[in-house]
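J.: What follows is a single structure, and I will ask about it in a moment.
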Amino acid sequence: MPNLAISVNDLSKKYGEALAVSHTNFQVPLGTICGFVGPNGAGKTTTIRMLLGLITPTGGTGQILGEPITSPEKYLPQVGAMIEGPAFYPALSGAENLRVLATLGGFPQERVDQLLKQVGLADRGKSKYKTYSLGMKQRLGIAAALLPDPKILILDEPTNGLDPEGIQEIRQLLRSLADKGTTVFVSSHLLSELELISEYIVMLRKGEVVFAGPIQELFDQQQPYMIVKTENIGDLEKIMAIAQSAGHHAHIRDGAAHIEGPPDWAGTLNKLAFEAGILLTQLSPQLPNLEETFFEMTGEQK
Amino acid sequence: MIRSIARIFFAEWRKLRRPTLLLGTLGAVAFFSVLVSSLLFLMIDSPNGNGDRGIRITREMLSLPSGATQAFSSIGNLLGIIALCVFAAQTAQEYSLGTLRNLLVRQPGRIRLLVGKLASMKVFAIFMTLVSAVISIGVSYALAGGKDVNTTLWFNADGRLEIAKTLLNVFISILGFGIIGMVLGILLRSPISSISLGVLWLLIVENIVGAVKSSTLQWLPGNQLGTIAVGGTETISYTHALSLSGLYVGIALIIATVLFTRRDVAN
């Protein structure tokens with residue numbers, strides 16, 4: 001039994017001269033939740049399509065559950081996926097749409113009702129798909145992905161169109177699946193949500209992996225900082241000088257001094273400011289978060 | 001292998017049996033069957049003819065063992081166009097709705113998927129053929145008495161053989177049209193484009209080309225399939241139509257299969 005759910009080595013995809021995914025390498029251990037992030041056009045969906053055998057890589061290799069991605073029939077029965085949002089037959093009901101896929105995959109038809117209940121669509125299962133709201137369509141897409149009771153769940157933007165309550169429900173659902181041993185590989189633009197549930201992160205930028213590994217390792221690479229505001233805005237320059245004389249990088253942005261340094265230096269700074277006769281109105285140590293890190297590592301504008 | 005094709009077959013059948021498609025298609029089949037069969041008998045004495053393109057089909061011809069299926073065989077082209085639309089829509093919608101990626105995740109064997117879908121649509125075509133045959137022969141029988149057409153030979157051994165032969169020929173013809181629709185669906189990936197192109201070609205282009213140069217009718221694919229339905233004509237033999245249609249459909253299927261199995265599913 002492999003201990004890696006997904007392993008990608010030098011994977012590339014070229015469309016004509018354009019390189020959509022370039023020599024990508026990453027690994028996702030079994031039983032973890034892995035966030036897959038990157039700006040639009042970074043190559044996330046192309047990578048997911050290659051993992052699911054929908055498109056052929058132009059270079060490199062990949063394995064899912066130890067099987068090569070060139071033989072998707074060997075691992076797809078154990079994989080659930082929702083790619084690029086939900087896609088179903090508008091004239092069929094939600095339940096009938098799931099039955100089509102259950103029949104195709106050879107899954108028990110009883111799973112359909114169970115899953116409709118699990119994603120909160122039990123009372124709308126008989127309604128035609130075309131009458132569903134975006135959030136309901138998304139829930140049906142997640143139900144379809146769960147049909148095989150998958151060992152790996154690959155979701156592309158699963159929270160699109162969901163209200164805050166729905167987002168929270170999906171987060172809890174993914175957490176409970178991971179607790180039962182399901183590997184979840186999820187791409188999302190809701191970085192704060194991913195930060196709450198992910199243990200691993202794969203970050204793409206222009207088709208290349210800029211980070212792949214445990215999320216804590218990512219944060220450890222980032223410098224913590226603190227935001228300082230003073231009663232008199234002119235004192236910010238003095239605060240900068242204090243910080244720099246102590247060997248900390250600092251700059252002024254949006255009416256506040258941003259000083260790189262560990263959170264436990266905040267007390268020292270407060271003392272030094274007091275001794276210099278500066279009244280601080282805000283002193284907030286900031287730990288790196290996924291969003292800040294994402295913008296820094298991908299070079300995207302906030 | 002057979003089990004997975006059976007699963008694909010039944011999954012496709014769930015889509016084909018939806019009331020709007022099934023009843024809509026059968027409604028169209030019933031309408032054309034009643035219309036063509038009725039006109040054949042009601043206009044039997046018309047100087048403008050009662051058959052396709054002004055051809056006169058006399059009482060004597062209708063009294064032969066083939067009389068019961070005379071109308072049914074001439075509906076073949078219309079049934080074929082209906083089949084083309086259904087097959088094309090069922091195939092192309094997987095691209096336009098984006099559902100092909102769901103199907104391929106659940107069934108990555110692309111050739112198997114194509115075979116299972118085609119098998120399911122074949123059954124749908126058989127169903128269409130049988131419904132049309134029952135309605136057409138029923139209407140013909142009901143109208144024959146009023147128009148002094150002798151039906152004694154219709155249901156004897158020769159008559160039953162004629163019914164079986166026509167059923168088979170119409171089914172082969174419908175299937176050919178349907179496969180062309182399926183191939184267009186795979187090539188164009190849009191229900192509207194594939195149906196428009198198919199219908200435009202069969203109803204307009206072939207008729208214009210055939211009217212301008214009648215010798216081309218021997219080579220035009222729609223005309224060959226129509227010829228199969230009627231069991232051959234004076235100008236095109238059944239064997240010629242069958243072999244040429246088989247060649248056209250076979251080439252189209254090979255192209256479509258190669259495209260379907262090798263093309264990236266990127267939408």
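By convention here, the chains of the structure tokens are called A, B, ... in the order presented, each chain's residues are numbered starting at 1, and ligands are numbered starting at 1 in the order presented.
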Mind checking DSSP for segment 144-293 of chain A and telling me the strand (DSSP E or B) residues as a VMD selection string?
T.: chain A and resid 152 to 156 183 to 187 200 to 205 208 to 214 225 to 230 250 to 253 256 to 260 280 to 286
J.: Identify every residue of chain A that has at least one atom within 6 Å of any atom of chain B, counting only C-alpha atoms, and report the result as an NGL selection string.
T.: :A and (54-55 or 73 or 87-88 or 100 or 103-105)
J.: Export, as a PDB file, in the first residue's frame, the selected residues with C-alpha atoms.
T.:
```pdb
ATOM      1  CA  LEU A  54      -8.787  13.832 -18.874  1.00  0.00           C
ATOM      2  CA  ILE A  55      -5.796  15.328 -20.628  1.00  0.00           C
ATOM      3  CA  GLU A  73      -8.802   2.983 -14.912  1.00  0.00           C
ATOM      4  CA  ALA A  87     -21.790  19.715 -14.575  1.00  0.00           C
ATOM      5  CA  PHE A  88     -25.040  17.774 -14.854  1.00  0.00           C
ATOM      6  CA  VAL A 100     -26.613   8.039 -13.935  1.00  0.00           C
ATOM      7  CA  THR A 103     -24.954   3.211 -12.610  1.00  0.00           C
ATOM      8  CA  LEU A 104     -21.901   4.104 -14.663  1.00  0.00           C
ATOM      9  CA  GLY A 105     -19.483   3.507 -11.810  1.00  0.00           C
TER      10      GLY A 105
END
```
J.: Name all residues at most 12 Å from Val86 of chain B (count only C-alpha atoms; drop same-chain ones fewer than 3 positions away) and give them as a ChimeraX atom specification.
T.: /B:15-17,20-22,24-26,28,79-83,89-93,118,120-122,124-125,128,174-175,177-182,184-185,191-192,194-195,198-199
J.: Measuring atom to atom with only C-alpha atoms, identify which of B:Val230, B:Ala252, B:Leu217, B:Leu42 is nearest to Lys147 of chain B.
T.: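 When distances to Lys147 of chain B are compared using only C-alpha atoms, the smallest one comes from B:Leu42.
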J.: For Ser7 of chain A, find every residue with an atom within 9 Å (counting only C-alpha atoms), except residues of its own chain fewer than 3 positions away, and show them as a ChimeraX atom specification.
T.: /A:4,25-29,61-66
J.: For the contact check between segment 125-151 of chain B and segment 43-62 of chain B, emit one row per residue of segment 125-151 of chain B within 12 Å, containing the shortest atom pair and the distance in Å rounded to one decimal, counting only C-alpha atoms, chain then rising number order, as a tab-separated table.
T.:
```
residue	atom	partner	partner_atom	distance
B:Ile137	CA	B:Leu62	CA	11.9
B:Ser140	CA	B:Leu62	CA	9.6
B:Tyr141	CA	B:Leu62	CA	10.7
B:Leu143	CA	B:Ile44	CA	10.8
B:Ala144	CA	B:Leu62	CA	8.7
B:Gly145	CA	B:Arg59	CA	11.1
B:Gly146	CA	B:Ile44	CA	11.1
B:Lys147	CA	B:Ile44	CA	7.8
B:Asp148	CA	B:Arg59	CA	7.5
B:Val149	CA	B:Arg59	CA	5.5
B:Asn150	CA	B:Leu62	CA	7.7
B:Thr151	CA	B:Leu62	CA	8.1
```
J.: Those selected residues, please, written with C-alpha atoms and delivered as a PDB file, in the first residue's frame.
T.:
```
ATOM      1  CA  ILE B 137     -48.957  -0.534 -40.778  1.00  0.00           C
ATOM      2  CA  SER B 140     -52.345   1.631 -43.730  1.00  0.00           C
ATOM      3  CA  TYR B 141     -54.589  -1.285 -42.754  1.00  0.00           C
ATOM      4  CA  LEU B 143     -57.315   3.134 -44.607  1.00  0.00           C
ATOM      5  CA  ALA B 144     -56.878   0.291 -47.122  1.00  0.00           C
ATOM      6  CA  GLY B 145     -60.482  -0.900 -46.927  1.00  0.00           C
ATOM      7  CA  GLY B 146     -61.913   2.533 -47.663  1.00  0.00           C
ATOM      8  CA  LYS B 147     -59.671   2.881 -50.718  1.00  0.00           C
ATOM      9  CA  ASP B 148     -60.385  -0.571 -52.199  1.00  0.00           C
ATOM     10  CA  VAL B 149     -56.880  -1.870 -51.543  1.00  0.00           C
ATOM     11  CA  ASN B 150     -56.810  -5.622 -51.121  1.00  0.00           C
ATOM     12  CA  THR B 151     -54.912  -6.590 -47.950  1.00  0.00           C
TER      13      THR B 151
END
```
J.: Find the spatial neighbours of Asn156 of chain B, counting only C-alpha atoms, within a cut-off of 12 Å - ignore same-chain residues fewer than 3 positions away - and output them as an MDAnalysis selection string.
T.: chainID B and resid 64:68 151:153 159:163
J.: Store the residues picked out above, limited to C-alpha atoms, as a PDB file, in the first residue's frame.
T.:
```pdb
ATOM      1  CA  LEU B  64     -48.824  -6.940 -53.029  1.00  0.00           C
ATOM      2  CA  PRO B  65     -47.271  -8.620 -49.927  1.00  0.00           C
ATOM      3  CA  SER B  66     -45.064  -5.493 -49.622  1.00  0.00           C
ATOM      4  CA  GLY B  67     -48.145  -3.242 -49.474  1.00  0.00           C
ATOM      5  CA  ALA B  68     -48.318  -3.215 -45.673  1.00  0.00           C
ATOM      6  CA  THR B 151     -54.912  -6.590 -47.950  1.00  0.00           C
ATOM      7  CA  THR B 152     -55.207 -10.377 -48.318  1.00  0.00           C
ATOM      8  CA  LEU B 153     -51.488 -10.794 -49.075  1.00  0.00           C
ATOM      9  CA  GLY B 159     -46.237 -10.474 -46.303  1.00  0.00           C
ATOM     10  CA  ARG B 160     -44.719 -11.239 -42.914  1.00  0.00           C
ATOM     11  CA  LEU B 161     -41.326 -11.751 -44.571  1.00  0.00           C
ATOM     12  CA  GLU B 162     -41.707  -8.348 -46.266  1.00  0.00           C
ATOM     13  CA  ILE B 163     -42.536  -6.760 -42.901  1.00  0.00           C
TER      14      ILE B 163
END
```
J.: Grab the atom CA of Lys74 of chain A to atom CA of Ala5 of chain A distance for me, in Å with one decimal place.
T.: 13.6 Å
J.: For segment 290-292 of chain A, work out the shell of residues within 7 Å, counting only C-alpha atoms and skipping chain neighbours fewer than 2 positions away, then give it as a PyMOL selection string.
T.: chain A and resi 191-192+195+288+294-296
J.: Return as number ranges by chain the full set of residues in segment 196-274 of chain A whose backbone-based DSSP assignment is helix (DSSP H, G or I).
T.: A: 196-197, 215-220, 233-245, 263-274
J.: Considering only C-alpha atoms, return as a ChimeraX atom specification whatever protein or nucleic-acid residues lie within 12 Å of Ser132 of chain B, sequence-local ones (same chain, fewer than 2 positions apart) excluded.
T.: /B:25-37,69,71-76,78-80,82,125-130,134-140,166-167,170-171,174
J.: Next, dump the selected residues to file, keeping only C-alpha atoms, as a PDB file, in the first residue's frame.
T.:
```pdb
ATOM      1  CA  THR B  25     -39.199  11.700 -30.137  1.00  0.00           C
ATOM      2  CA  LEU B  26     -42.019   9.178 -30.205  1.00  0.00           C
ATOM      3  CA  GLY B  27     -44.460  12.038 -30.824  1.00  0.00           C
ATOM      4  CA  ALA B  28     -42.455  13.094 -33.875  1.00  0.00           C
ATOM      5  CA  VAL B  29     -42.173   9.479 -35.030  1.00  0.00           C
ATOM      6  CA  ALA B  30     -45.928   8.982 -34.643  1.00  0.00           C
ATOM      7  CA  PHE B  31     -46.706  12.228 -36.451  1.00  0.00           C
ATOM      8  CA  PHE B  32     -44.596  11.396 -39.513  1.00  0.00           C
ATOM      9  CA  SER B  33     -45.796   7.788 -39.544  1.00  0.00           C
ATOM     10  CA  VAL B  34     -49.454   8.834 -39.562  1.00  0.00           C
ATOM     11  CA  LEU B  35     -48.839  11.643 -42.064  1.00  0.00           C
ATOM     12  CA  VAL B  36     -46.921   9.636 -44.668  1.00  0.00           C
ATOM     13  CA  SER B  37     -49.132   6.537 -44.355  1.00  0.00           C
ATOM     14  CA  THR B  69     -44.830  -1.694 -45.414  1.00  0.00           C
ATOM     15  CA  ALA B  71     -45.595   3.640 -46.324  1.00  0.00           C
ATOM     16  CA  PHE B  72     -43.338   2.526 -43.499  1.00  0.00           C
ATOM     17  CA  SER B  73     -40.298   2.096 -45.768  1.00  0.00           C
ATOM     18  CA  SER B  74     -40.761   5.578 -47.221  1.00  0.00           C
ATOM     19  CA  ILE B  75     -40.739   7.076 -43.699  1.00  0.00           C
ATOM     20  CA  GLY B  76     -37.151   5.789 -43.346  1.00  0.00           C
ATOM     21  CA  LEU B  78     -37.625  11.091 -41.825  1.00  0.00           C
ATOM     22  CA  LEU B  79     -36.982   8.586 -39.051  1.00  0.00           C
ATOM     23  CA  GLY B  80     -33.295   8.763 -39.962  1.00  0.00           C
ATOM     24  CA  ILE B  82     -34.938  12.159 -36.138  1.00  0.00           C
ATOM     25  CA  ALA B 125     -33.494   3.432 -32.556  1.00  0.00           C
ATOM     26  CA  ILE B 126     -35.033  -0.071 -32.471  1.00  0.00           C
ATOM     27  CA  PHE B 127     -37.804   1.306 -30.290  1.00  0.00           C
ATOM     28  CA  MET B 128     -38.381   4.170 -32.745  1.00  0.00           C
ATOM     29  CA  THR B 129     -38.487   1.725 -35.662  1.00  0.00           C
ATOM     30  CA  LEU B 130     -41.005  -0.578 -33.976  1.00  0.00           C
ATOM     31  CA  VAL B 134     -46.859  -0.451 -35.767  1.00  0.00           C
ATOM     32  CA  ILE B 135     -48.410   2.970 -36.390  1.00  0.00           C
ATOM     33  CA  SER B 136     -47.709   3.002 -40.110  1.00  0.00           C
ATOM     34  CA  ILE B 137     -48.957  -0.534 -40.778  1.00  0.00           C
ATOM     35  CA  GLY B 138     -51.958   0.103 -38.507  1.00  0.00           C
ATOM     36  CA  VAL B 139     -52.910   3.313 -40.336  1.00  0.00           C
ATOM     37  CA  SER B 140     -52.345   1.631 -43.730  1.00  0.00           C
ATOM     38  CA  THR B 166     -38.489  -3.726 -44.148  1.00  0.00           C
ATOM     39  CA  LEU B 167     -38.113  -3.532 -40.380  1.00  0.00           C
ATOM     40  CA  VAL B 170     -35.391   0.743 -41.922  1.00  0.00           C
ATOM     41  CA  PHE B 171     -33.493  -0.068 -38.737  1.00  0.00           C
ATOM     42  CA  ILE B 174     -31.950   4.741 -39.045  1.00  0.00           C
TER      43      ILE B 174
END
```
J.: At what distance in Å, to one decimal, does atom CA of Ile254 of chain B lie from atom CA of Asn169 of chain B?
T.: 23.1 Å
J.: Could you please determine the separation between atom CA of Ala157 of chain B and atom CA of Thr235 of chain B in Å, to one decimal place?
T.: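 Taking atom CA of Ala157 of chain B as the start and atom CA of Thr235 of chain B as the end point, the length is 28.5 Å.
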